[in-house]
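Novice: Pasting in a structure now, in structure tokens, and then I'll have a few things to ask.
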2 protein chains.
Amino acid sequence: MSSGINHQVGVKASSQEIYEALTETEKLAQWWTTDTRGSGAKVGDTLEFWFYSHCQKFDVTELKPGTRVAWKSPKGQGNNEWEETEVTFDLSTDEKQTFIQFRHSGWRERTDFQGHCSMRWAVFLLSLKDMLEKGKGRPYPYDLEVHYR
Amino acid sequence: MSSGINHQVGVKASSQEIYEALTETEKLAQWWTTDTRGSGAKVGDTLEFWFYSHCQKFDVTELKPGTRVAWKSPKGQGNNEWEETEVTFDLSTDEKQTFIQFRHSGWRERTDFQGHCSMRWAVFLLSLKDMLEKGKGRPYPYDLEVHYR
């Protein structure tokens with residue numbers, strides 16, 4: 001078992017607002033990729049995140065309103081290195097903010113590509129924060145580039 | 001052995017320029033913390049990164065000009081969870097950019113605080129990128145806040 005990605009961000013928003021941004025297709029499209037398809041509303045639903053011609057699928061594996069969202073990448077879909085990896089968002093609120101504890105686990109190896117994904121997840125979590133705090137995120141293809149293509 | 005932080009960023013700068021930004025005290029002060037003391041120029045030197053009244057020390061353990069910089073956090077200095085952890089910057093250049101492969105390894109546990117540090121390292125690597133590409137970084141205390149204090 002190899003290491004994964006582990007990020008935490010604090011957002012001035014309720015856990016319910018964040019939960020909606022993680023489960024409603026049109027809200028996911030405002031912070032991760034503008035071309036988000038499928039549904040994230042129920043366990044067993046499948047979300048499709050499109051990046052130009054590349055599609056990354058996730059099956060929804062766990063939902064606890066206001067507390068937790070978990071997805072798993074199916075076999076043979078999307079990035080090879082993401083196959084069967086899991087993404088979780090755990091929410092907790094204190095007097096100042098709601099914390100999102102983000103984890104992308106189950107990577108088989110610690111690769112350079114994982115480092116690229118780690119930076120991009122950080123950028124997209126900041127996009128989610130901006131969407132909720134300022135009304136506007138920076139979803140793909142408007143995301144801050146972390147390298148030159 | 002637990003997981004660590006693994007980030008990659010591409011910068012339009014030469015590996016020599018990046019190497020200088022990682023080894024010269026006055027350049028480190030332009031992207032990580034404005035109050036950087038000590039020296040990072042030779043193996044065995046010690047750098048002190050001050051965040052208000054908190055000091056994080058690192059001993060320089062490896063230097064390969066234009067290729068690699070490695071630091072180790074000494075025992076009983078700075079963040080408890082950072083004790084004896086290692087930070088490495090590996091540089092590689094292609095026709096478009098120089099990649100920085102950043103790793104912060106040797107964490108004993110995957111904690112929420114590690115997630116906080118992971119986001120902050122991402123923000124500081126973007127600050128380093130901005131310093132080199134645009135002439136101005138966002139070192140502490142001017143860094144983008146990833147949570148509210």
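How things are named: the first chain in the structure tokens is A, the next is B, and so on; residues count from 1 in each chain; ligands count from 1 in the order shown.
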What's around Ser118 (chain B) at 9 Å? Count only C-alpha atoms, leave out sequence neighbours fewer than 6 positions away in its own chain, and write the answer as a list in words.
Specialist: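 Here the answer would be Ile5, Asn6, His7, Gln8, Ser118 and Ala122 of chain A; Gly4, Ile5, Asn6, His7 and His104 of chain B.
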Novice: Need the shell around region 15-21 of chain B: protein/DNA/RNA residues with any atom at most 12 Å away, counting only C-alpha atoms. Skip same-chain ones fewer than 4 positions apart. Format as a ChimeraX atom specification?
Specialist: /B:9-11,25-32,40-41,63-70,88-94,97-101,125,127-133,135,137
Novice: If you run DSSP on the backbone, which residues of chain B are alpha helix (DSSP H), as number ranges by chain?
Specialist: B: 15-23, 25-28, 112-134
Novice: Have a look at CA of Glu145 (chain B) and CA of Phe124 (chain B) and let me know their distance in Å, one decimal.
Specialist: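 Computing it gives 10.7 Å between the two atoms.
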Novice: Go ahead and compute the interatomic distance for CA of Phe49 (chain A) and CA of Glu24 (chain A), in Å to one decimal.
Specialist: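 Calculated distance between CA of Phe49 (chain A) and CA of Glu24 (chain A) is 12.7 Å.
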Novice: Select, from B:Lys72, B:Arg37, B:His147, B:His54, the residue with the minimum atom-to-atom distance to chain A, counting only C-alpha atoms.
Specialist: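 Distance minimum relative to chain A lands on B:His147.
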Novice: Considering only strand (DSSP E) as DSSP defines it on the backbone, what residues of chain A qualify? List them as a PDB file with C-alpha atoms, in the first residue's frame.
Specialist:
```pdb
ATOM      1  CA  ILE A   5      -2.738  12.729  -1.249  1.00  0.00           C
ATOM      2  CA  ASN A   6      -3.921  14.443   1.929  1.00  0.00           C
ATOM      3  CA  HIS A   7      -5.040  18.088   1.876  1.00  0.00           C
ATOM      4  CA  GLN A   8      -6.944  20.247   4.322  1.00  0.00           C
ATOM      5  CA  VAL A   9      -8.654  23.533   3.612  1.00  0.00           C
ATOM      6  CA  GLY A  10     -10.834  25.785   5.770  1.00  0.00           C
ATOM      7  CA  VAL A  11     -13.857  27.408   4.149  1.00  0.00           C
ATOM      8  CA  ASP A  35     -17.961  19.501 -18.125  1.00  0.00           C
ATOM      9  CA  THR A  36     -19.265  17.381 -15.245  1.00  0.00           C
ATOM     10  CA  ARG A  37     -21.889  14.780 -16.133  1.00  0.00           C
ATOM     11  CA  GLY A  38     -23.841  12.041 -14.382  1.00  0.00           C
ATOM     12  CA  THR A  46     -21.648   7.604 -11.224  1.00  0.00           C
ATOM     13  CA  LEU A  47     -20.052  10.971 -11.904  1.00  0.00           C
ATOM     14  CA  GLU A  48     -18.153  11.730 -15.104  1.00  0.00           C
ATOM     15  CA  PHE A  49     -15.543  14.466 -15.001  1.00  0.00           C
ATOM     16  CA  TRP A  50     -14.512  15.469 -18.504  1.00  0.00           C
ATOM     17  CA  PHE A  51     -11.255  17.244 -19.281  1.00  0.00           C
ATOM     18  CA  HIS A  54     -10.481  12.654 -21.291  1.00  0.00           C
ATOM     19  CA  CYS A  55     -13.165  11.299 -18.961  1.00  0.00           C
ATOM     20  CA  GLN A  56     -12.526  10.414 -15.326  1.00  0.00           C
ATOM     21  CA  LYS A  57     -15.346   8.405 -13.750  1.00  0.00           C
ATOM     22  CA  PHE A  58     -16.117   8.007 -10.066  1.00  0.00           C
ATOM     23  CA  ASP A  59     -18.746   5.836  -8.410  1.00  0.00           C
ATOM     24  CA  VAL A  60     -20.300   7.309  -5.275  1.00  0.00           C
ATOM     25  CA  THR A  61     -19.553   4.875  -2.437  1.00  0.00           C
ATOM     26  CA  GLU A  62     -20.585   6.770   0.705  1.00  0.00           C
ATOM     27  CA  LEU A  63     -22.670   9.830   1.527  1.00  0.00           C
ATOM     28  CA  LYS A  64     -23.314  11.314   4.968  1.00  0.00           C
ATOM     29  CA  ARG A  68     -18.695  12.825   4.361  1.00  0.00           C
ATOM     30  CA  VAL A  69     -18.548  12.128   0.626  1.00  0.00           C
ATOM     31  CA  ALA A  70     -16.609   9.174  -0.804  1.00  0.00           C
ATOM     32  CA  TRP A  71     -16.009   8.158  -4.400  1.00  0.00           C
ATOM     33  CA  LYS A  72     -14.166   5.273  -5.986  1.00  0.00           C
ATOM     34  CA  GLU A  86     -10.623   6.426  -3.528  1.00  0.00           C
ATOM     35  CA  VAL A  87     -11.408  10.096  -2.982  1.00  0.00           C
ATOM     36  CA  THR A  88     -12.931  11.205   0.339  1.00  0.00           C
ATOM     37  CA  PHE A  89     -14.071  14.543   1.660  1.00  0.00           C
ATOM     38  CA  ASP A  90     -14.602  14.731   5.449  1.00  0.00           C
ATOM     39  CA  LEU A  91     -16.249  17.867   6.788  1.00  0.00           C
ATOM     40  CA  SER A  92     -16.017  19.320  10.295  1.00  0.00           C
ATOM     41  CA  THR A  93     -17.072  22.736  11.526  1.00  0.00           C
ATOM     42  CA  THR A  98     -15.748  24.310   7.967  1.00  0.00           C
ATOM     43  CA  PHE A  99     -12.698  22.173   7.357  1.00  0.00           C
ATOM     44  CA  ILE A 100     -12.528  19.883   4.360  1.00  0.00           C
ATOM     45  CA  GLN A 101     -10.167  16.966   4.934  1.00  0.00           C
ATOM     46  CA  PHE A 102      -9.520  15.705   1.428  1.00  0.00           C
ATOM     47  CA  ARG A 103      -7.845  12.392   0.742  1.00  0.00           C
ATOM     48  CA  HIS A 104      -7.056  10.584  -2.487  1.00  0.00           C
ATOM     49  CA  SER A 105      -5.853   7.140  -1.385  1.00  0.00           C
TER      50      SER A 105
END
```
Novice: So how far away is CA of Ser73 (chain A) from CA of Thr85 (chain A), in Å?
Specialist: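 Between CA of Thr85 (chain A) and CA of Ser73 (chain A) the gap works out to 5.6 Å.
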